[in-house]
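Enquirer: For reference, the structure I am asking about is given below.
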Amino acid sequence: MKTLITGASGFVGSAVLRVLLKKGFQIRSLLRSSSNSENLSGLNVEIVHGDLRDPASLDNALKGCDSLFHVAADYRLWAKNTNEIYQSNVDGTINIMRAAQRQKISKIVYTSSVATLGINRDETPADENTPVTFSDMIGDYKKSKFLAEEKVKKMIQEDSLPATIVNPSAPIGPRDIKPTPTGRIICQAASGKVPAFVDTGLNIVHVDDVAQGHLLAMEKGEIGERYILGGDDMTLKAIINYLCISENIDPPKIKLPHNLILPIAWIMECIAVITQNEPRATVDGVKMSKKIMYFSSKKAKTKLGYHSRPAIEGLKDAVDWFNREKYQ
């Protein structure tokens with residue numbers, strides 16, 4: 001089977017790419033001319049240049065393919081021009097899905113996020129059916145992913161788009177070259193640069209398990225269904241403590257209230273507008289941390305045969321990779 005992967009040069013996409021290569025897929029990767037192709041180095045991949053925001057380039061990328069993994073996303077919690085996030089995540093998704101229909105692609109796996117899902121106020125793990133509305137979305141990344149997923153659902157229902165949706169939680173592991181917001185926390189904690197923490201929790205999963213979940217969704221996922229691809233629920237304190245101890249660093253003991261960090265994050269964002277450097281703390285990130293993001297992967301395990309390793313293995317692999325690549 002020949003498949004197109006969008007975002008194959010990125011963190012999750014490069015993991016999906018490796019899983020598919022081992023399975024014997026013929027891979028074509030859609031790559032912007034400005035993209036860092038480090039994660040594709042030495043792999044048997046056909047590269048076509050194009051842009052999700054350029055519909056004309058997408059038909060050519062999909063021509064001759066049987067399937068599509070749309071993994072690419074603009075995963076930023078801050079951007080000077082927030083329109084860029086919507087153009088990539090919403091408009092880009094619509095463009096690639098329409099191109100897939102024109103090219104008669106037989107099966108699509110669309111990578112959404114747990115960011116689009118509801119959460120339970122009692123901090124118990126949420127699932128695919130936990131109620132949620134657009135007004136629950138905090139920040140442009142979450143809003144854009146919610147809108148994109150809604151567009152995909154509508155195309156499935158009204159246009160018979162042959163798509164299955166997967167919702168990864170917070171992937172961690174090797175090849176996080178940017179790094180992602182979660183990867184940045186890991187990198188900073190393992191370097192002793194996190195002096196304090198806030199009271200929050202998230203679901204951590206090894207990126208290679210997320211990649212395997214994508215393959216399972218292609219093979220066994222039902223059209224129109226969505227599946228959470230998660231791992232273990234962990235508090236931020238527990239994550240930071242593990243990372244610090246593994247690197248022989250004293251863990252931070254100061255817990256900061258969210259309302260104290262908000263004005264600091266606002267100041268950092270103001271400075272970022274001037275320096276053009278992404279702030280270490282963002283207003284949206286602080287607001288998100290007020291919510292405990294715990295999720296259940298029971299549906300994926302039951303319906304797809306999905307499995308995830310202990311989260312600490314992902315943390316270890318992430319730290320080992322960051323150390324090897326000399327990230328600070």
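Labels used: A, B, ... for chains in the order of the structure tokens, numbers from 1 for residues in each chain, and numbers from 1 for ligands as shown.
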Can you tell me, as number ranges by chain, which residues in stretch 201-282 of chain A count as helix (DSSP H, G or I) by DSSP?

Expert: A: 207-220, 236-246, 258-275

Enquirer: Can you tell me which residues surround stretch 125-139 of chain A at a distance of at most 6 Å, considering only C-alpha atoms, apart from same-chain residues fewer than 6 positions away, and format the answer as a PyMOL selection string?

Expert: chain A and resi 118-119+284+294-296

Enquirer: Quick one: everything within 7 Å of stretch 174-180 of chain A, counting only C-alpha atoms, minus sequence neighbours fewer than 4 positions away in the same chain. Send it as a VMD selection string.

Expert: chain A and resid 11 39 184 317 to 318 321

Enquirer: Could those selected residues go to a file with C-alpha atoms, as a JSON list (two decimals), in the first residue's frame?

Expert:
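Written file, again.json:
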[["chain", "number", "residue", "atom", "x", "y", "z"],
["A", 11, "PHE", "CA", 7.67, 14.44, 16.17],
["A", 39, "ASN", "CA", 13.85, 13.06, 11.03],
["A", 184, "ARG", "CA", 10.34, 21.57, 26.40],
["A", 317, "ASP", "CA", 13.70, 7.75, 26.20],
["A", 318, "ALA", "CA", 12.96, 11.47, 25.87],
["A", 321, "TRP", "CA", 17.49, 11.60, 23.29]]

Enquirer: A:Asp209, A:Thr3, A:Lys142, A:Tyr227: which is nearest A:Leu77, counting only C-alpha atoms?

Expert: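 The answer is A:Lys142, which sits nearest to A:Leu77.
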
Enquirer: Name all residues at most 7 Å from A:Trp266 (count only C-alpha atoms; drop same-chain ones fewer than 3 positions away) and give them as an NGL selection string.

Expert: :A and (262-263 or 269-270 or 282-283)

Enquirer: Grab the residues selected above and save them as a short mmCIF file (atom, residue, chain, number, x, y, z; two decimals), in the first residue's frame with N, CA and C atoms.

Expert:
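Okay, this is what ended up in selection25.cif:
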data_model
loop_
_atom_site.label_atom_id
_atom_site.label_comp_id
_atom_site.auth_asym_id
_atom_site.auth_seq_id
_atom_site.Cartn_x
_atom_site.Cartn_y
_atom_site.Cartn_z
N LEU A 262 0.09 33.79 36.12
CA LEU A 262 -0.58 34.44 34.99
C LEU A 262 0.02 35.79 34.63
N PRO A 263 0.22 36.72 35.59
CA PRO A 263 0.82 38.00 35.19
C PRO A 263 2.26 37.86 34.70
N GLU A 269 4.99 37.14 27.42
CA GLU A 269 4.43 37.23 26.08
C GLU A 269 4.66 38.61 25.48
N CYS A 270 4.56 39.64 26.30
CA CYS A 270 4.82 41.00 25.81
C CYS A 270 6.27 41.13 25.34
N THR A 282 3.35 30.80 28.86
CA THR A 282 2.31 31.48 28.09
C THR A 282 1.03 31.57 28.91
N VAL A 283 0.25 32.59 28.61
CA VAL A 283 -1.02 32.77 29.31
C VAL A 283 -1.93 31.58 29.07
#

Enquirer: Would you list the contacts of A:Gly173 as an MDAnalysis selection string, taking every protein, DNA or RNA residue within 9 Å and counting only C-alpha atoms, but skipping same-chain residues closer than 5 positions in sequence?

Expert: chainID A and resid 11 183 205:208 313:321

Enquirer: Write out, as a compact mmCIF listing (two decimals), in the first residue's frame, the residues just selected, with N, CA and C atoms.

Expert:
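Final output, saved to selection.txt:
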# COMPACT_ATOMS: atom_id res chain seq x y z
N PHE A 11 7.51 15.36 15.05
CA PHE A 11 7.67 14.44 16.17
C PHE A 11 6.80 13.20 16.02
N GLY A 183 7.74 18.43 25.41
CA GLY A 183 9.17 18.12 25.33
C GLY A 183 10.02 19.20 25.95
N VAL A 205 2.23 9.65 27.09
CA VAL A 205 2.30 8.43 26.29
C VAL A 205 3.55 8.44 25.42
N HIS A 206 4.17 7.29 25.26
CA HIS A 206 5.35 7.17 24.41
C HIS A 206 4.94 7.39 22.96
N VAL A 207 5.70 8.21 22.26
CA VAL A 207 5.36 8.56 20.89
C VAL A 207 5.30 7.33 19.98
N ASP A 208 6.11 6.32 20.27
CA ASP A 208 6.08 5.11 19.44
C ASP A 208 4.80 4.31 19.63
N GLU A 313 8.95 5.02 30.86
CA GLU A 313 9.83 4.58 29.77
C GLU A 313 9.91 5.66 28.69
N GLY A 314 8.80 6.32 28.46
CA GLY A 314 8.81 7.42 27.51
C GLY A 314 9.62 8.60 28.03
N LEU A 315 9.49 8.89 29.31
CA LEU A 315 10.28 9.97 29.91
C LEU A 315 11.77 9.67 29.80
N LYS A 316 12.13 8.42 30.08
CA LYS A 316 13.55 8.03 29.99
C LYS A 316 14.06 8.16 28.56
N ASP A 317 13.27 7.67 27.60
CA ASP A 317 13.70 7.75 26.20
C ASP A 317 13.82 9.20 25.74
N ALA A 318 12.91 10.06 26.23
CA ALA A 318 12.96 11.47 25.87
C ALA A 318 14.23 12.13 26.41
N VAL A 319 14.52 11.89 27.69
CA VAL A 319 15.71 12.48 28.31
C VAL A 319 16.99 11.98 27.64
N ASP A 320 17.02 10.67 27.38
CA ASP A 320 18.21 10.10 26.72
C ASP A 320 18.43 10.76 25.36
N TRP A 321 17.36 10.99 24.61
CA TRP A 321 17.49 11.60 23.29
C TRP A 321 17.92 13.05 23.40

Enquirer: Between A:Lys301, A:Tyr141, A:Arg53, A:Ser9, which is the closest to A:Glu38 once you count only C-alpha atoms?

Expert: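 Among the listed residues, the smallest separation from A:Glu38 belongs to A:Ser9.
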
Enquirer: Need the shell around stretch 143-152 of chain A: protein/DNA/RNA residues with any atom at most 9 Å away, counting only C-alpha atoms. Skip same-chain ones fewer than 6 positions apart. Format as a PyMOL selection string?

Expert: chain A and resi 73+85-94+97+110-113+115-117+133-137+161+163+165+224

Enquirer: Compile the contact shell of A:Phe197 as a list of chain:residue names: residues with an atom at most 10 Å away, counting only C-alpha atoms, same-chain residues fewer than 3 positions apart removed.

Expert: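 Contacts, in chain order: A:Val194, A:Thr200, A:Leu236, A:Lys237, A:Ile240, A:Pro251, A:Pro252, A:Lys253, A:Ile254, A:Lys255, A:Leu256, A:Pro257, A:His258.
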
Enquirer: Could you give me the residues within stretch 17-212 of chain A that DSSP places in strand (DSSP E), as a PyMOL selection string?

Expert: chain A and resi 26-31+46-49+67-70+107-111+163-168+170-172+196-197+201-206

Enquirer: Counting only C-alpha atoms, which of A:Ala189, A:Leu43, A:Ile156, A:Val16 gets nearest to A:Cys244?

Expert: A:Ala189

Enquirer: Work out how far apart atom CA of A:Leu304 and atom CA of A:Gln157 are and give it in Å to one decimal.

Expert: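 These two atoms are separated by 22.0 Å.
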
Enquirer: Which of these residues is nearest to A:Leu243, using only C-alpha atoms: A:Asn203, A:Ser33, A:Ser289, A:Ser191?

Expert: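 Under the stated criterion, the closest residue is A:Ser191.
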
Enquirer: Using only C-alpha atoms, which of A:Ile274, A:Ala311, A:Ile239, A:Leu30 sits nearest A:Lys80?

Expert: A:Ile274

Enquirer: Calculate how many Å separate atom CA of A:Ala217 from atom CA of A:Ile292, rounding to one decimal.

Expert: 26.6 Å
